[in-house]
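What follows is coords-v1.pdb (PDB, C-alpha atoms).
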ATOM      1  CA  MET D   1     -72.107  -4.009 -15.144  1.00  0.00           C
ATOM      2  CA  SER D   2     -71.721  -4.235 -11.369  1.00  0.00           C
ATOM      3  CA  SER D   3     -69.657  -7.416 -11.804  1.00  0.00           C
ATOM      4  CA  ASP D   4     -67.255  -5.452 -14.093  1.00  0.00           C
ATOM      5  CA  ILE D   5     -66.787  -2.831 -11.358  1.00  0.00           C
ATOM      6  CA  TYR D   6     -66.280  -5.546  -8.760  1.00  0.00           C
ATOM      7  CA  ASP D   7     -63.680  -7.230 -10.968  1.00  0.00           C
ATOM      8  CA  ARG D   8     -61.829  -3.933 -11.504  1.00  0.00           C
ATOM      9  CA  ARG D   9     -61.893  -3.195  -7.773  1.00  0.00           C
ATOM     10  CA  THR D  10     -60.586  -6.671  -6.992  1.00  0.00           C
ATOM     11  CA  ILE D  11     -57.797  -6.293  -9.543  1.00  0.00           C
ATOM     12  CA  LEU D  12     -56.841  -2.872  -8.166  1.00  0.00           C
ATOM     13  CA  ARG D  13     -56.885  -4.122  -4.561  1.00  0.00           C
ATOM     14  CA  VAL D  14     -54.767  -7.185  -5.391  1.00  0.00           C
ATOM     15  CA  SER D  15     -52.371  -5.092  -7.481  1.00  0.00           C
ATOM     16  CA  GLY D  16     -52.007  -2.530  -4.687  1.00  0.00           C
ATOM     17  CA  THR D  17     -51.296  -5.236  -2.131  1.00  0.00           C
ATOM     18  CA  ALA D  18     -48.691  -6.836  -4.400  1.00  0.00           C
ATOM     19  CA  LEU D  19     -46.934  -3.505  -4.979  1.00  0.00           C
ATOM     20  CA  ALA D  20     -46.904  -2.739  -1.253  1.00  0.00           C
ATOM     21  CA  THR D  21     -45.419  -6.163  -0.541  1.00  0.00           C
ATOM     22  CA  ILE D  22     -42.698  -5.718  -3.165  1.00  0.00           C
ATOM     23  CA  GLY D  23     -41.970  -2.202  -1.917  1.00  0.00           C
ATOM     24  CA  THR D  24     -41.355  -3.356   1.643  1.00  0.00           C
ATOM     25  CA  ALA D  25     -39.463  -6.553   0.826  1.00  0.00           C
ATOM     26  CA  GLY D  26     -36.109  -4.796   1.068  1.00  0.00           C
ATOM     27  CA  CYS D  27     -36.911  -3.636   4.591  1.00  0.00           C
ATOM     28  CA  LEU D  28     -37.784  -7.035   5.988  1.00  0.00           C
ATOM     29  CA  ASN D  29     -34.200  -7.967   6.852  1.00  0.00           C
ATOM     30  CA  GLY D  30     -34.106  -5.112   9.380  1.00  0.00           C
ATOM     31  CA  ARG D  31     -31.365  -3.235   7.571  1.00  0.00           C
ATOM     32  CA  SER D  32     -31.635   0.151   6.011  1.00  0.00           C
ATOM     33  CA  PRO D  33     -31.060   0.275   2.250  1.00  0.00           C
ATOM     34  CA  THR D  34     -28.066   2.516   2.961  1.00  0.00           C
ATOM     35  CA  ASP D  35     -26.417   0.007   5.326  1.00  0.00           C
ATOM     36  CA  GLN D  36     -23.799  -2.244   3.739  1.00  0.00           C
ATOM     37  CA  THR D  37     -23.191  -5.989   3.846  1.00  0.00           C
ATOM     38  CA  VAL D  38     -19.686  -7.369   3.374  1.00  0.00           C
ATOM     39  CA  THR D  39     -19.176 -11.074   2.762  1.00  0.00           C
ATOM     40  CA  MET D  40     -16.243 -12.928   4.318  1.00  0.00           C
ATOM     41  CA  THR D  41     -15.308 -15.384   1.587  1.00  0.00           C
ATOM     42  CA  GLY D  42     -13.701 -18.809   1.512  1.00  0.00           C
ATOM     43  CA  ASP D  43     -10.833 -17.491  -0.593  1.00  0.00           C
ATOM     44  CA  PHE D  44      -9.711 -15.243   2.286  1.00  0.00           C
ATOM     45  CA  GLY D  45     -11.247 -11.993   1.134  1.00  0.00           C
ATOM     46  CA  PHE D  46     -13.887  -9.412   1.948  1.00  0.00           C
ATOM     47  CA  ASP D  47     -16.469  -8.706  -0.746  1.00  0.00           C
ATOM     48  CA  PRO D  48     -16.669  -5.857  -1.481  1.00  0.00           C
ATOM     49  CA  THR D  49     -13.149  -4.920  -0.459  1.00  0.00           C
ATOM     50  CA  THR D  50     -14.272  -1.318   0.079  1.00  0.00           C
ATOM     51  CA  ALA D  51     -17.665  -0.487   1.582  1.00  0.00           C
ATOM     52  CA  THR D  52     -18.954   3.087   1.459  1.00  0.00           C
ATOM     53  CA  ILE D  53     -21.663   4.251   3.846  1.00  0.00           C
ATOM     54  CA  GLU D  54     -23.025   7.434   5.407  1.00  0.00           C
ATOM     55  CA  PRO D  55     -22.359   8.379   9.057  1.00  0.00           C
ATOM     56  CA  GLY D  56     -24.720   6.598  11.438  1.00  0.00           C
ATOM     57  CA  ARG D  57     -25.042   3.553   9.173  1.00  0.00           C
ATOM     58  CA  ALA D  58     -23.885   0.004   9.800  1.00  0.00           C
ATOM     59  CA  VAL D  59     -21.728  -2.530   8.042  1.00  0.00           C
ATOM     60  CA  THR D  60     -22.610  -6.175   8.581  1.00  0.00           C
ATOM     61  CA  TRP D  61     -19.939  -8.746   7.850  1.00  0.00           C
ATOM     62  CA  GLU D  62     -21.442 -12.139   6.972  1.00  0.00           C
ATOM     63  CA  ASN D  63     -19.255 -15.238   7.054  1.00  0.00           C
ATOM     64  CA  THR D  64     -20.347 -17.339   4.080  1.00  0.00           C
ATOM     65  CA  SER D  65     -17.180 -19.453   4.080  1.00  0.00           C
ATOM     66  CA  ASP D  66     -16.481 -22.709   5.891  1.00  0.00           C
ATOM     67  CA  VAL D  67     -13.716 -21.267   8.124  1.00  0.00           C
ATOM     68  CA  ASP D  68     -13.664 -18.780  11.015  1.00  0.00           C
ATOM     69  CA  HIS D  69     -12.740 -15.148  10.351  1.00  0.00           C
ATOM     70  CA  THR D  70     -12.407 -11.914  12.333  1.00  0.00           C
ATOM     71  CA  VAL D  71     -13.109  -8.269  11.630  1.00  0.00           C
ATOM     72  CA  THR D  72     -10.292  -6.325  13.269  1.00  0.00           C
ATOM     73  CA  ALA D  73      -9.576  -2.624  12.778  1.00  0.00           C
ATOM     74  CA  TYR D  74      -6.031  -1.393  12.368  1.00  0.00           C
ATOM     75  CA  GLU D  75      -5.976   0.787  15.468  1.00  0.00           C
ATOM     76  CA  ASP D  76      -3.584   3.365  13.991  1.00  0.00           C
ATOM     77  CA  ASP D  77      -5.986   3.849  11.058  1.00  0.00           C
ATOM     78  CA  VAL D  78      -9.120   4.508  13.120  1.00  0.00           C
ATOM     79  CA  PRO D  79      -9.892   8.244  12.740  1.00  0.00           C
ATOM     80  CA  ASP D  80      -9.156  10.356  15.826  1.00  0.00           C
ATOM     81  CA  GLY D  81     -12.027  10.582  18.265  1.00  0.00           C
ATOM     82  CA  THR D  82     -13.773   7.406  17.084  1.00  0.00           C
ATOM     83  CA  ALA D  83     -14.216   4.120  18.899  1.00  0.00           C
ATOM     84  CA  TYR D  84     -12.098   1.102  18.033  1.00  0.00           C
ATOM     85  CA  PHE D  85     -14.004  -1.835  16.503  1.00  0.00           C
ATOM     86  CA  ALA D  86     -13.379  -5.559  16.219  1.00  0.00           C
ATOM     87  CA  SER D  87     -15.469  -8.709  16.283  1.00  0.00           C
ATOM     88  CA  GLY D  88     -15.405  -9.783  19.921  1.00  0.00           C
ATOM     89  CA  ASP D  89     -15.872  -6.113  20.912  1.00  0.00           C
ATOM     90  CA  PHE D  90     -12.255  -5.630  21.933  1.00  0.00           C
ATOM     91  CA  GLU D  91     -11.084  -2.178  22.971  1.00  0.00           C
ATOM     92  CA  SER D  92      -7.712  -2.341  21.223  1.00  0.00           C
ATOM     93  CA  GLU D  93      -5.977  -4.061  18.336  1.00  0.00           C
ATOM     94  CA  ARG D  94      -3.478  -5.662  20.715  1.00  0.00           C
ATOM     95  CA  SER D  95      -6.307  -7.220  22.719  1.00  0.00           C
ATOM     96  CA  ALA D  96      -8.042  -8.389  19.521  1.00  0.00           C
ATOM     97  CA  ARG D  97      -4.829 -10.083  18.355  1.00  0.00           C
ATOM     98  CA  ASP D  98      -4.035 -11.600  21.763  1.00  0.00           C
ATOM     99  CA  HIS D  99      -7.550 -12.989  22.261  1.00  0.00           C
ATOM    100  CA  MET D 100      -8.408 -13.696  18.636  1.00  0.00           C
ATOM    101  CA  ARG D 101     -10.402 -16.850  19.386  1.00  0.00           C
ATOM    102  CA  GLU D 102     -12.930 -14.807  21.372  1.00  0.00           C
ATOM    103  CA  GLY D 103     -13.556 -12.630  18.320  1.00  0.00           C
ATOM    104  CA  LEU D 104     -13.985 -15.336  15.682  1.00  0.00           C
ATOM    105  CA  VAL D 105     -17.014 -15.078  13.419  1.00  0.00           C
ATOM    106  CA  ALA D 106     -18.009 -18.666  12.700  1.00  0.00           C
ATOM    107  CA  PRO D 107     -19.360 -19.854   9.337  1.00  0.00           C
ATOM    108  CA  GLY D 108     -22.946 -18.665   9.001  1.00  0.00           C
ATOM    109  CA  ASP D 109     -22.553 -15.960  11.681  1.00  0.00           C
ATOM    110  CA  GLU D 110     -22.183 -12.222  11.300  1.00  0.00           C
ATOM    111  CA  TYR D 111     -20.710  -9.172  12.998  1.00  0.00           C
ATOM    112  CA  GLU D 112     -22.140  -5.647  12.756  1.00  0.00           C
ATOM    113  CA  HIS D 113     -20.689  -2.247  13.564  1.00  0.00           C
ATOM    114  CA  THR D 114     -22.283   1.191  13.228  1.00  0.00           C
ATOM    115  CA  PHE D 115     -19.958   3.969  12.057  1.00  0.00           C
ATOM    116  CA  GLU D 116     -20.855   7.361  13.505  1.00  0.00           C
ATOM    117  CA  GLU D 117     -17.961   9.501  12.268  1.00  0.00           C
ATOM    118  CA  PRO D 118     -16.750  10.225   8.716  1.00  0.00           C
ATOM    119  CA  GLY D 119     -13.391   8.781   7.786  1.00  0.00           C
ATOM    120  CA  THR D 120     -11.581   5.818   6.296  1.00  0.00           C
ATOM    121  CA  TYR D 121     -11.370   2.687   8.423  1.00  0.00           C
ATOM    122  CA  GLU D 122      -8.950  -0.096   7.478  1.00  0.00           C
ATOM    123  CA  TYR D 123      -9.523  -3.590   8.884  1.00  0.00           C
ATOM    124  CA  TYR D 124      -8.375  -7.197   8.472  1.00  0.00           C
ATOM    125  CA  CYS D 125      -8.950 -10.806   9.478  1.00  0.00           C
ATOM    126  CA  VAL D 126      -6.380 -11.786  12.145  1.00  0.00           C
ATOM    127  CA  PRO D 127      -5.787 -15.412  11.044  1.00  0.00           C
ATOM    128  CA  HIS D 128      -5.782 -14.535   7.325  1.00  0.00           C
ATOM    129  CA  GLU D 129      -4.091 -11.125   7.274  1.00  0.00           C
ATOM    130  CA  GLY D 130      -0.972 -12.732   5.761  1.00  0.00           C
ATOM    131  CA  SER D 131      -3.148 -14.047   2.908  1.00  0.00           C
ATOM    132  CA  GLY D 132      -4.281 -10.503   2.122  1.00  0.00           C
ATOM    133  CA  MET D 133      -7.676 -10.561   3.853  1.00  0.00           C
ATOM    134  CA  VAL D 134      -7.982  -6.815   4.382  1.00  0.00           C
ATOM    135  CA  GLY D 135     -10.731  -4.299   3.694  1.00  0.00           C
ATOM    136  CA  THR D 136     -11.787  -0.687   3.969  1.00  0.00           C
ATOM    137  CA  VAL D 137     -14.886   1.129   5.170  1.00  0.00           C
ATOM    138  CA  ARG D 138     -15.348   4.688   3.914  1.00  0.00           C
ATOM    139  CA  VAL D 139     -17.804   6.803   5.863  1.00  0.00           C
ATOM    140  CA  GLU D 140     -18.705   9.938   3.927  1.00  0.00           C
TER     141      GLU D 140
END

Exercise: express the given structure as structure tokens:
Amino acid sequence: MSSDIYDRRTILRVSGTALATIGTAGCLNGRSPTDQTVTMTGDFGFDPTTATIEPGRAVTWENTSDVDHTVTAYEDDVPDGTAYFASGDFESERSARDHMREGLVAPGDEYEHTFEEPGTYEYYCVPHEGSGMVGTVRVE
């Protein structure tokens, strides 16, 4: 009878450990489940095209293509009172366009920005804007 109890305890302990491991697996990448990842694709797009997050959360753009891309906010569309954002950490859209090479996100790299204020933020990829590589972040 004591071996039955030991077997049940072992099964419960192993099951509990497995559930704890599964429960924390989503946290291991260092991102909150309410942060958003946007993929920069090889067909000159952002996926998803629109990302929706809560204030104080981040969007991470991952370049999974084989070409360089940028993440560049349309300065006129950044809500009043919020900081401008662009890969390369430029302070203006003009600077991001003029010095695009310094803001390139290479294949396999990523860029992250935390959005503190509610609003709609439109952005694009400088070299592929003409191909329609544009996206939106909604912070609500």

key: Nearest to Pro79 (chain D), chosen from D:Phe115, D:Thr49, D:His99, D:Val38, with all atoms listed in the file counted in the distances   =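 Once distances to Pro79 (chain D) are computed over all atoms listed in the file, the minimum belongs to D:Phe115.
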
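Among the candidates D:Gly132, D:Arg101, D:Gln36, D:Asp77, the one nearest to Ala51 (chain D) when counting only C-alpha atoms is D:Gln36.
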
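Closest to Pro127 (chain D) among D:Glu62, D:Asp98, D:Asp47, D:Asp89 is D:Asp98, based on only C-alpha atoms.
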
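Using all atoms listed in the file, the smallest distance between any of D:Pro118, D:Tyr124, D:Arg57, D:Thr64 and Asp43 (chain D) comes from D:Thr64.
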
Report the closest atom pair, with its distance in Å rounded to one decimal, for each residue of region 40-68 of chain D that has an atom no farther than 6 Å from region 103-113 of chain D; count all atoms listed in the file, sort by chain and then rising residue number, and write it as JSON lines.
{"residue": "D:Ala58", "atom": "CA", "partner": "D:His113", "partner_atom": "CA", "distance": 5.4}
{"residue": "D:Val59", "atom": "CA", "partner": "D:His113", "partner_atom": "CA", "distance": 5.6}
{"residue": "D:Thr60", "atom": "CA", "partner": "D:Glu112", "partner_atom": "CA", "distance": 4.2}
{"residue": "D:Trp61", "atom": "CA", "partner": "D:Tyr111", "partner_atom": "CA", "distance": 5.2}
{"residue": "D:Glu62", "atom": "CA", "partner": "D:Glu110", "partner_atom": "CA", "distance": 4.4}
{"residue": "D:Asn63", "atom": "CA", "partner": "D:Pro107", "partner_atom": "CA", "distance": 5.2}
{"residue": "D:Thr64", "atom": "CA", "partner": "D:Gly108", "partner_atom": "CA", "distance": 5.7}
{"residue": "D:Ser65", "atom": "CA", "partner": "D:Pro107", "partner_atom": "CA", "distance": 5.7}
{"residue": "D:Asp66", "atom": "CA", "partner": "D:Pro107", "partner_atom": "CA", "distance": 5.3}
{"residue": "D:Val67", "atom": "CA", "partner": "D:Pro107", "partner_atom": "CA", "distance": 5.9}
{"residue": "D:Asp68", "atom": "CA", "partner": "D:Ala106", "partner_atom": "CA", "distance": 4.7}

task = Let me know the residues the PyMOL selection byres ((chain D and resi 80) around 12) catches in the file above, as a count of residues only.
result = 14

key: Pairwise distance for CA of Gly130 (chain D) and CA of Thr114 (chain D), rounded to one decimal in Å   =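 One can read the CA of Gly130 (chain D) to CA of Thr114 (chain D) distance as 26.5 Å.
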
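In this structure, CA of Thr52 (chain D) sits 15.8 Å away from CA of Ala73 (chain D).
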
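Restricting the calculation to all atoms listed in the file, the smallest distance between Thr72 (chain D) and any of D:Gly135, D:Pro55, D:Pro48, D:Gly42 is found for D:Gly135.
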
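Going from CA of Met133 (chain D) over to CA of Phe44 (chain D), you cover 5.3 Å.
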
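For the set D:Thr70, D:Thr50, D:Met40, D:Gly88, the residue with the smallest atom-to-atom gap to Val139 (chain D) is D:Thr50, counting all atoms listed in the file.
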
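For the point (-8.9, -9.9, 12.1), the residues with at least one atom inside 8 Å, counting all atoms listed in the file, are His69, Thr70, Val71, Thr72, Ala73, Ala86, Ser87, Ala96, Arg97, Met100, Tyr123, Tyr124, Cys125, Val126, Pro127, His128 and Glu129 of chain D.
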